[in-house]
$ cat upload_0.tsv   # TSV, C-alpha atoms
chain	number	residue	atom	x	y	z
A	1	MET	CA	-4.91	-25.89	-1.47
A	2	LEU	CA	-8.60	-25.17	-1.57
A	3	ASP	CA	-9.19	-27.91	0.97
A	4	ASN	CA	-7.67	-25.54	3.52
A	5	TRP	CA	-10.64	-23.24	3.37
A	6	MET	CA	-13.33	-25.64	2.17
A	7	GLY	CA	-12.54	-28.16	4.87
A	8	ARG	CA	-13.97	-30.99	2.78
A	9	GLY	CA	-14.17	-32.41	-0.71
A	10	GLN	CA	-11.65	-33.27	-3.40
A	11	ARG	CA	-10.70	-31.38	-6.53
A	12	GLY	CA	-11.78	-32.97	-9.80
A	13	SER	CA	-9.99	-32.85	-13.13
A	14	ASP	CA	-12.07	-29.84	-14.20
A	15	GLY	CA	-10.65	-27.66	-11.40
A	16	ARG	CA	-13.82	-27.77	-9.25
A	17	ASP	CA	-14.12	-29.20	-5.74
A	18	LYS	CA	-16.41	-32.20	-5.68
A	19	VAL	CA	-18.81	-32.56	-2.76
A	20	GLY	CA	-21.09	-35.55	-3.08
A	21	LEU	CA	-23.21	-35.17	-6.23
A	22	GLY	CA	-22.72	-31.42	-6.40
A	23	SER	CA	-19.83	-29.12	-7.09
A	24	ILE	CA	-18.52	-25.89	-5.62
A	25	ARG	CA	-16.67	-23.42	-7.81
A	26	ARG	CA	-13.83	-21.45	-6.33
A	27	PRO	CA	-15.06	-17.86	-6.01
A	28	VAL	CA	-13.02	-15.05	-7.55
A	29	ILE	CA	-11.12	-13.49	-4.64
A	30	GLY	CA	-10.01	-9.88	-4.84
A	31	LEU	CA	-7.46	-8.20	-2.61
A	32	ALA	CA	-7.52	-4.39	-2.17
A	33	LEU	CA	-4.28	-3.14	-0.61
A	34	GLY	CA	-4.35	0.37	0.85
A	35	GLY	CA	-1.68	3.05	0.99
A	36	GLY	CA	0.37	4.02	4.01
A	37	ALA	CA	4.02	4.63	3.05
A	38	ALA	CA	6.30	2.50	5.26
A	39	ARG	CA	3.26	0.89	6.88
A	40	GLY	CA	2.66	-0.77	3.51
A	41	PHE	CA	5.23	-3.42	4.43
A	42	ALA	CA	2.45	-4.89	6.59
A	43	HIS	CA	0.91	-6.09	3.32
A	44	ILE	CA	3.76	-8.59	3.01
A	45	GLY	CA	2.70	-10.29	6.24
A	46	ILE	CA	-0.94	-10.22	5.13
A	47	LEU	CA	-0.18	-11.86	1.79
A	48	ARG	CA	2.06	-14.49	3.36
A	49	THR	CA	-0.63	-15.45	5.86
A	50	LEU	CA	-3.49	-15.56	3.35
A	51	VAL	CA	-1.54	-17.76	0.94
A	52	ALA	CA	-0.40	-20.04	3.77
A	53	HIS	CA	-4.08	-20.68	4.54
A	54	GLY	CA	-4.90	-21.39	0.88
A	55	ILE	CA	-6.60	-18.04	0.28
A	56	VAL	CA	-5.00	-17.07	-3.02
A	57	PRO	CA	-6.28	-13.87	-4.67
A	58	ASN	CA	-7.24	-13.83	-8.36
A	59	VAL	CA	-7.46	-10.03	-8.45
A	60	VAL	CA	-4.97	-7.68	-6.77
A	61	VAL	CA	-5.48	-3.91	-6.74
A	62	GLY	CA	-3.19	-1.57	-4.84
A	63	THR	CA	-2.86	2.09	-4.00
A	64	SER	CA	0.53	3.66	-3.21
A	65	MET	CA	2.59	1.18	-1.14
A	66	GLY	CA	-0.23	-1.30	-1.62
A	67	ALA	CA	0.52	-1.09	-5.34
A	68	LEU	CA	4.22	-1.69	-4.71
A	69	VAL	CA	3.74	-4.79	-2.54
A	70	GLY	CA	0.78	-6.06	-4.57
A	71	GLY	CA	2.76	-5.69	-7.78
A	72	ALA	CA	5.69	-7.64	-6.34
A	73	TYR	CA	3.29	-10.43	-5.35
A	74	ALA	CA	1.52	-10.47	-8.72
A	75	ALA	CA	4.85	-10.68	-10.55
A	76	GLY	CA	6.15	-13.47	-8.32
A	77	HIS	CA	8.80	-11.32	-6.63
A	78	LEU	CA	7.43	-11.07	-3.09
A	79	ASP	CA	10.49	-12.86	-1.68
A	80	ALA	CA	12.82	-10.26	-3.20
A	81	MET	CA	10.58	-7.45	-1.93
A	82	GLU	CA	10.60	-8.88	1.58
A	83	ASP	CA	14.39	-9.35	1.60
A	84	TRP	CA	14.87	-5.75	0.46
A	85	ALA	CA	12.40	-4.41	3.03
A	86	ARG	CA	14.04	-6.28	5.91
A	87	SER	CA	17.48	-5.04	4.85
A	88	LEU	CA	16.58	-1.34	5.09
A	89	ARG	CA	18.29	0.76	7.73
A	90	PRO	CA	18.09	4.53	8.27
A	91	ARG	CA	21.32	5.02	6.33
A	92	ASN	CA	20.03	2.87	3.44
A	93	ILE	CA	16.87	4.92	3.25
A	94	LEU	CA	18.82	8.18	2.87
A	95	SER	CA	20.64	6.71	-0.11
A	96	TYR	CA	17.32	6.45	-1.99
A	97	LEU	CA	16.48	10.13	-1.51
A	98	ASP	CA	17.56	11.88	-4.69
A	99	ILE	CA	16.81	15.36	-3.31
A	100	ARG	CA	16.02	18.02	-5.92
A	101	LEU	CA	15.96	21.77	-5.50
A	102	ASN	CA	13.85	22.25	-8.62
A	103	GLY	CA	11.00	20.41	-10.24
A	104	SER	CA	7.60	19.46	-8.86
A	105	GLY	CA	8.72	17.26	-5.97
A	106	LEU	CA	11.40	17.21	-3.26
A	107	ILE	CA	12.47	13.73	-4.36
A	108	GLY	CA	12.95	12.77	-7.98
A	109	GLY	CA	12.11	9.11	-7.30
A	110	ALA	CA	14.50	7.79	-9.94
A	111	LYS	CA	16.51	5.75	-7.42
A	112	LEU	CA	13.45	4.00	-6.03
A	113	ALA	CA	12.12	3.37	-9.55
A	114	ALA	CA	15.48	1.88	-10.53
A	115	GLU	CA	15.36	-0.45	-7.52
A	116	LEU	CA	11.87	-1.55	-8.49
A	117	GLU	CA	12.86	-2.06	-12.12
A	118	ALA	CA	15.84	-4.16	-11.07
A	119	THR	CA	13.38	-6.47	-9.31
A	120	VAL	CA	10.51	-6.74	-11.79
A	121	GLY	CA	12.29	-5.73	-15.02
A	122	GLN	CA	10.12	-4.86	-18.03
A	123	THR	CA	7.12	-6.86	-16.79
A	124	LEU	CA	3.82	-5.83	-18.41
A	125	ILE	CA	0.66	-5.81	-16.33
A	126	GLU	CA	-1.26	-7.70	-19.01
A	127	ASP	CA	1.27	-10.58	-18.84
A	128	LEU	CA	0.84	-11.19	-15.10
A	129	PRO	CA	-0.74	-14.49	-13.98
A	130	VAL	CA	-3.37	-12.61	-11.93
A	131	LYS	CA	-5.47	-9.55	-12.67
A	132	PHE	CA	-3.63	-6.52	-11.34
A	133	ALA	CA	-4.16	-2.78	-11.27
A	134	THR	CA	-2.81	0.26	-9.49
A	135	VAL	CA	-4.75	3.42	-8.62
A	136	ALA	CA	-3.37	6.89	-9.37
A	137	THR	CA	-4.73	10.44	-9.50
A	138	GLU	CA	-4.52	12.77	-12.49
A	139	VAL	CA	-3.01	16.07	-11.40
A	140	ARG	CA	-5.10	18.60	-13.32
A	141	THR	CA	-8.51	16.93	-13.26
A	142	GLY	CA	-8.46	14.86	-10.06
A	143	HIS	CA	-9.67	11.86	-12.06
A	144	GLU	CA	-9.21	8.42	-10.51
A	145	ILE	CA	-7.03	6.44	-12.93
A	146	TRP	CA	-6.87	2.63	-12.92
A	147	LEU	CA	-3.65	1.47	-14.55
A	148	THR	CA	-4.33	-1.99	-15.96
A	149	HIS	CA	-1.93	-2.15	-18.93
A	150	GLY	CA	1.66	-1.27	-19.71
A	151	ARG	CA	4.86	-1.48	-17.69
A	152	MET	CA	4.23	-2.42	-14.09
A	153	VAL	CA	7.16	-0.25	-12.94
A	154	ASP	CA	5.48	2.87	-14.33
A	155	ALA	CA	2.06	1.98	-12.91
A	156	VAL	CA	3.45	1.38	-9.42
A	157	HIS	CA	5.66	4.48	-9.54
A	158	ALA	CA	2.66	6.67	-10.43
A	159	SER	CA	0.56	5.18	-7.64
A	160	TYR	CA	3.06	6.03	-4.88
A	161	ALA	CA	4.07	9.49	-6.17
A	162	LEU	CA	3.12	11.39	-3.00
A	163	PRO	CA	2.37	15.02	-4.03
A	164	GLY	CA	5.09	17.46	-3.05
A	165	ILE	CA	7.43	14.65	-2.02
A	166	PHE	CA	7.77	12.74	-5.30
A	167	SER	CA	7.56	14.24	-8.76
A	168	PRO	CA	4.43	13.35	-10.80
A	169	VAL	CA	4.79	10.54	-13.33
A	170	LEU	CA	3.84	10.97	-16.99
A	171	ILE	CA	1.96	7.99	-18.42
A	172	GLY	CA	0.51	8.54	-21.86
A	173	ASP	CA	-0.65	12.15	-21.82
A	174	ARG	CA	-1.55	12.24	-18.12
A	175	TRP	CA	0.53	13.47	-15.18
A	176	LEU	CA	-0.23	11.15	-12.26
A	177	VAL	CA	0.33	11.23	-8.51
A	178	ASP	CA	-0.56	9.08	-5.49
A	179	GLY	CA	-3.87	7.25	-5.81
A	180	ALA	CA	-4.60	7.69	-2.10
A	181	LEU	CA	-5.89	11.18	-2.94
A	182	VAL	CA	-9.01	9.60	-4.44
A	183	ASN	CA	-9.18	5.92	-3.43
A	184	PRO	CA	-6.90	4.92	-0.52
A	185	VAL	CA	-8.27	1.36	-0.24
A	186	PRO	CA	-9.43	0.40	-3.77
A	187	VAL	CA	-12.36	-1.90	-3.03
A	188	SER	CA	-14.37	-0.51	-5.96
A	189	ALA	CA	-11.60	-1.29	-8.44
A	190	ALA	CA	-11.32	-4.89	-7.22
A	191	ARG	CA	-15.08	-5.41	-7.66
A	192	ALA	CA	-15.03	-3.85	-11.11
A	193	MET	CA	-12.28	-6.27	-12.14
A	194	GLY	CA	-14.49	-9.26	-11.36
A	195	ALA	CA	-13.86	-10.05	-7.70
A	196	GLU	CA	-16.80	-11.84	-6.09
A	197	ILE	CA	-15.28	-11.59	-2.61
A	198	VAL	CA	-13.15	-8.56	-1.74
A	199	ILE	CA	-10.66	-8.66	1.12
A	200	ALA	CA	-9.35	-5.18	1.93
A	201	ALA	CA	-6.33	-4.13	3.98
A	202	ASN	CA	-6.59	-0.72	5.64
A	203	LEU	CA	-3.41	0.60	7.28
A	204	SER	CA	-4.87	3.63	9.03
A	205	SER	CA	-7.85	2.19	10.89
A	206	ASP	CA	-6.26	2.42	14.35
A	207	VAL	CA	-5.31	6.10	14.13
A	208	PHE	CA	-8.21	7.12	16.38
A	209	THR	CA	-7.20	10.72	16.97
A	210	HIS	CA	-7.74	11.73	13.34
A	211	SER	CA	-11.47	12.08	13.95
A	212	THR	CA	-11.19	14.00	17.23
A	213	THR	CA	-12.37	17.60	17.57
A	214	ILE	CA	-10.76	19.79	20.26
A	215	TYR	CA	-12.87	22.78	21.29
A	216	ALA	CA	-11.82	26.24	22.59
A	217	HIS	CA	-8.12	25.70	22.08
A	218	GLY	CA	-5.89	28.76	22.09
A	219	HIS	CA	-3.24	30.78	23.89
A	220	SER	CA	-3.72	31.08	27.65
A	221	ALA	CA	-3.28	34.59	29.05
A	222	GLU	CA	-1.96	33.10	32.28
A	223	ILE	CA	1.06	31.65	30.55
A	224	ALA	CA	3.84	34.09	29.79
A	225	ASP	CA	5.33	34.07	26.36
A	226	VAL	CA	8.51	32.07	26.20
A	227	PRO	CA	10.98	33.33	23.61
A	228	GLU	CA	11.89	30.79	20.99
A	229	ALA	CA	15.42	29.49	21.30
A	230	ALA	CA	17.77	30.70	18.61
A	231	PRO	CA	18.84	27.97	16.21
A	232	GLU	CA	22.25	26.54	16.90
A	233	PRO	CA	24.74	27.74	14.29
A	234	ALA	CA	26.03	25.09	11.95
A	235	PRO	CA	29.72	24.22	12.32
A	236	PRO	CA	31.96	25.68	9.63
A	237	LYS	CA	32.58	23.44	6.64
A	238	ARG	CA	36.12	22.49	5.80
A	239	GLY	CA	37.63	20.85	2.78
A	240	LEU	CA	35.29	18.87	0.51
A	241	GLY	CA	32.46	19.09	3.04
A	242	LYS	CA	31.26	22.39	1.62
A	243	PHE	CA	30.35	20.69	-1.64
A	244	PHE	CA	27.88	18.42	0.12
A	245	SER	CA	26.47	20.92	2.63
A	246	ALA	CA	23.42	21.82	0.51
A	247	GLU	CA	22.24	18.23	0.25
A	248	ARG	CA	22.86	17.60	3.94
A	249	THR	CA	20.92	20.72	4.85
A	250	MET	CA	18.04	19.66	2.63
A	251	LYS	CA	17.89	16.23	4.25
A	252	ARG	CA	17.98	17.82	7.74
A	253	GLU	CA	15.12	20.13	6.76
A	254	PHE	CA	13.32	17.20	5.15
A	255	PHE	CA	13.25	15.10	8.32
A	256	GLY	CA	13.31	17.87	10.93
A	257	GLY	CA	14.85	17.57	14.36
A	258	GLY	CA	14.93	18.92	17.89
A	259	GLY	CA	11.16	18.54	18.30
A	260	ARG	CA	10.43	20.60	15.20
A	261	PRO	CA	8.67	18.70	12.39
A	262	GLY	CA	10.46	18.68	9.05
A	263	ILE	CA	8.95	19.32	5.63
A	264	SER	CA	8.29	15.63	5.11
A	265	THR	CA	6.58	15.24	8.49
A	266	VAL	CA	4.20	18.15	7.92
A	267	MET	CA	3.30	17.10	4.37
A	268	VAL	CA	2.95	13.40	5.14
A	269	ASP	CA	0.94	13.95	8.34
A	270	ALA	CA	-1.42	16.26	6.45
A	271	PHE	CA	-1.73	13.68	3.71
A	272	ASN	CA	-2.27	10.92	6.28
A	273	ILE	CA	-5.14	12.82	7.92
A	274	MET	CA	-6.76	13.48	4.57
A	275	GLN	CA	-6.29	9.84	3.53
A	276	ASP	CA	-7.89	8.61	6.74
A	277	ARG	CA	-10.98	10.80	6.22
A	278	ILE	CA	-11.32	9.71	2.57
A	279	THR	CA	-10.87	6.05	3.54
A	280	ARG	CA	-13.66	6.24	6.10
A	281	ALA	CA	-16.03	7.74	3.54
A	282	ARG	CA	-15.11	5.31	0.74
A	283	LEU	CA	-15.33	2.20	2.91
A	284	ALA	CA	-18.68	3.32	4.35
A	285	GLY	CA	-20.09	3.71	0.84
A	286	ASP	CA	-18.53	0.57	-0.64
A	287	PRO	CA	-17.45	-1.76	2.18
A	288	PRO	CA	-15.36	-4.86	1.45
A	289	ASP	CA	-16.61	-8.32	2.33
A	290	LEU	CA	-13.72	-8.71	4.81
A	291	LEU	CA	-11.47	-6.03	6.28
A	292	ILE	CA	-7.97	-6.63	7.64
A	293	SER	CA	-6.70	-3.80	9.84
A	294	PRO	CA	-3.09	-4.11	11.06
A	295	ARG	CA	-2.32	-2.02	14.14
A	296	THR	CA	0.36	0.15	12.58
A	297	GLY	CA	-0.80	3.58	13.74
A	298	GLN	CA	2.17	4.05	16.09
A	299	ILE	CA	4.70	3.46	13.32
A	300	GLY	CA	5.70	6.51	11.30
A	301	PHE	CA	5.15	6.93	7.59
A	302	PHE	CA	8.92	7.06	7.00
A	303	ASP	CA	9.90	4.25	9.40
A	304	PHE	CA	10.95	2.01	6.52
A	305	HIS	CA	13.64	0.48	8.74
A	306	ARG	CA	10.89	-1.17	10.82
A	307	ALA	CA	9.89	-3.71	8.19
A	308	ASP	CA	10.24	-6.64	10.62
A	309	ASP	CA	7.67	-5.11	12.99
A	310	LEU	CA	5.33	-4.10	10.17
A	311	ILE	CA	5.36	-7.52	8.50
A	312	ALA	CA	4.63	-9.12	11.86
A	313	HIS	CA	1.71	-6.70	12.45
A	314	GLY	CA	0.28	-7.63	9.05
A	315	ALA	CA	0.61	-11.35	9.70
A	316	ARG	CA	-1.12	-11.09	13.09
A	317	ALA	CA	-3.98	-9.03	11.65
A	318	ALA	CA	-4.50	-11.54	8.84
A	319	GLU	CA	-4.46	-14.45	11.30
A	320	ARG	CA	-7.23	-12.76	13.31
A	321	ALA	CA	-9.34	-12.53	10.15
A	322	ILE	CA	-8.75	-16.02	8.72
A	323	ASP	CA	-11.81	-17.70	10.28
A	324	SER	CA	-14.11	-14.92	9.04
A	325	ILE	CA	-12.58	-15.05	5.57
A	326	GLN	CA	-12.95	-18.83	5.31
A	327	GLU	CA	-16.55	-18.61	6.49
A	328	ALA	CA	-17.36	-15.90	3.95
A	329	ILE	CA	-15.77	-17.85	1.11
A	330	HIS	CA	-17.73	-20.96	2.06
A	331	ILE	CA	-21.03	-19.06	2.29
A	332	LEU	CA	-20.54	-16.97	-0.84
A	333	ALA	CA	-19.04	-19.70	-3.01
A	334	PRO	CA	-21.42	-20.29	-5.98
A	335	GLN	CA	-22.94	-23.75	-5.59
A	336	ALA	CA	-24.91	-26.10	-7.82
A	337	SER	CA	-27.26	-28.87	-6.73
A	338	HIS	CA	-25.57	-31.28	-9.09
A	339	ALA	CA	-22.58	-31.23	-11.43
A	340	GLY	CA	-23.20	-29.32	-14.64
A	341	ALA	CA	-26.51	-27.90	-13.40
A	342	ASP	CA	-25.88	-24.50	-15.01
A	343	ASP	CA	-23.10	-22.25	-16.22
A	344	ARG	CA	-22.54	-20.83	-12.76
A	345	SER	CA	-20.76	-24.03	-11.72
A	346	ALA	CA	-18.20	-23.74	-14.52
A	347	PRO	CA	-14.65	-22.72	-13.66
A	348	VAL	CA	-13.83	-19.05	-14.00
A	349	LYS	CA	-11.80	-18.20	-17.07
A	350	GLU	CA	-9.34	-15.41	-16.46
$ encode --input "upload_0.tsv" --output "structure tokens"
Amino acid sequence: MLDNWMGRGQRGSDGRDKVGLGSIRRPVIGLALGGGAARGFAHIGILRTLVAHGIVPNVVVGTSMGALVGGAYAAGHLDAMEDWARSLRPRNILSYLDIRLNGSGLIGGAKLAAELEATVGQTLIEDLPVKFATVATEVRTGHEIWLTHGRMVDAVHASYALPGIFSPVLIGDRWLVDGALVNPVPVSAARAMGAEIVIAANLSSDVFTHSTTIYAHGHSAEIADVPEAAPEPAPPKRGLGKFFSAERTMKREFFGGGGRPGISTVMVDAFNIMQDRITRARLAGDPPDLLISPRTGQIGFFDFHRADDLIAHGARAAERAIDSIQEAIHILAPQASHAGADDRSAPVKE
């Protein structure tokens, strides 16, 4: 498989690629998968493309949906994740929304967690064949928490617990929410876990308007005030319908309609803007070696039914980056002038 990106040489019995009298050790490749709600399905296309070209990550770190897809890959369940993603339709998505009128989030998240647990079971992070971590945020302190041990279901659930939408998750003695509040594309975590080359996937890089400033905007005196249209009265409920009216109303308010943004749209758009600004700052201070940027900006955060399009966007973005990734791996691969020259040519023990 390594021949795909090395382009030459044969693998010896010690796991190294032999090139003449020397040897080239496979560098430790880290993959940092960013958050982005539904846009996170693009990570499936990215992973598929990288692996197809022989670029197999040793370290996978994810934030929010990046944690969900990265965890499925690390546990060997990417096929099941992809099948589930492609099967989603607007009606399916509503069935996962366990709306709550009390608590610390509009959605309990138990249904989604159950779906995840049905896929990965009781898998422990420390038992995975690759190094894996999710990033979450502690509610009271704002600390960046790297979850590297324990049940993968809990670690992933905490990483995608969008504040106000999903309830916080208690792990140990810490209440945790979405890691995108502090580290939307976790390059730093991948490096800290031993990655020599970090490939990052940023899902918000093509949302250009987030950095735009509009000056002198306000009400024009030349435009007469237009009275707001009165809301259309809801049809009377008959029979058993009245028992379900509260939940239906909540879901209507959640998604909005008639040109008016719903609760979810306002909260998620605000979170998306904040995440984009944080991502720019974090990547400027600690840039990855390679950056993959799918063009998903025109797909909404809750467009989970568009998995086919998102996976295709991810695959195309990864294909555009393959040559640069292979070149970087070849340049940065630790080399020795002859076999056994020093410890740097020894295989990495994980």
$ closest_residue --input "upload_0.tsv" --among "A:Ala32, A:Leu88, A:Ala201, A:Val130" --to "A:Ala74" --atoms "only C-alpha atoms"
A:Val130
$ residues_around --input "upload_0.tsv" --residues "A:Gln122" --least-positions-apart "3" --cutoff "9 Å" --atoms "only C-alpha atoms" --output "list in words"
Glu117, Arg151, Met152 and Val153 of chain A
$ closest_residue --input "upload_0.tsv" --among "A:Ala318, A:Leu31, A:Ile165, A:Leu50" --to "A:Val266" --atoms "all atoms listed in the file"
A:Ile165
$ residues_near_point --input "upload_0.tsv" --point "(-15.5, 0.2, 1.7)" --cutoff "9 Å" --atoms "all atoms listed in the file" --output "PyMOL selection string"
chain A and resi 185-188+200+279-289+291
$ closest_residue --input "upload_0.tsv" --among "A:Thr134, A:Thr296, A:Ala114, A:Ile311" --to "A:Ala190" --atoms "all atoms listed in the file"
A:Thr134
$ closest_residue --input "upload_0.tsv" --among "A:His149, A:Arg91, A:His43, A:His313" --to "A:Leu78" --atoms "only C-alpha atoms"
A:His43
$ closest_residue --input "upload_0.tsv" --among "A:Glu144, A:Asp79, A:Asp178, A:Asp173" --to "A:Ala158" --atoms "all atoms listed in the file"
A:Asp178
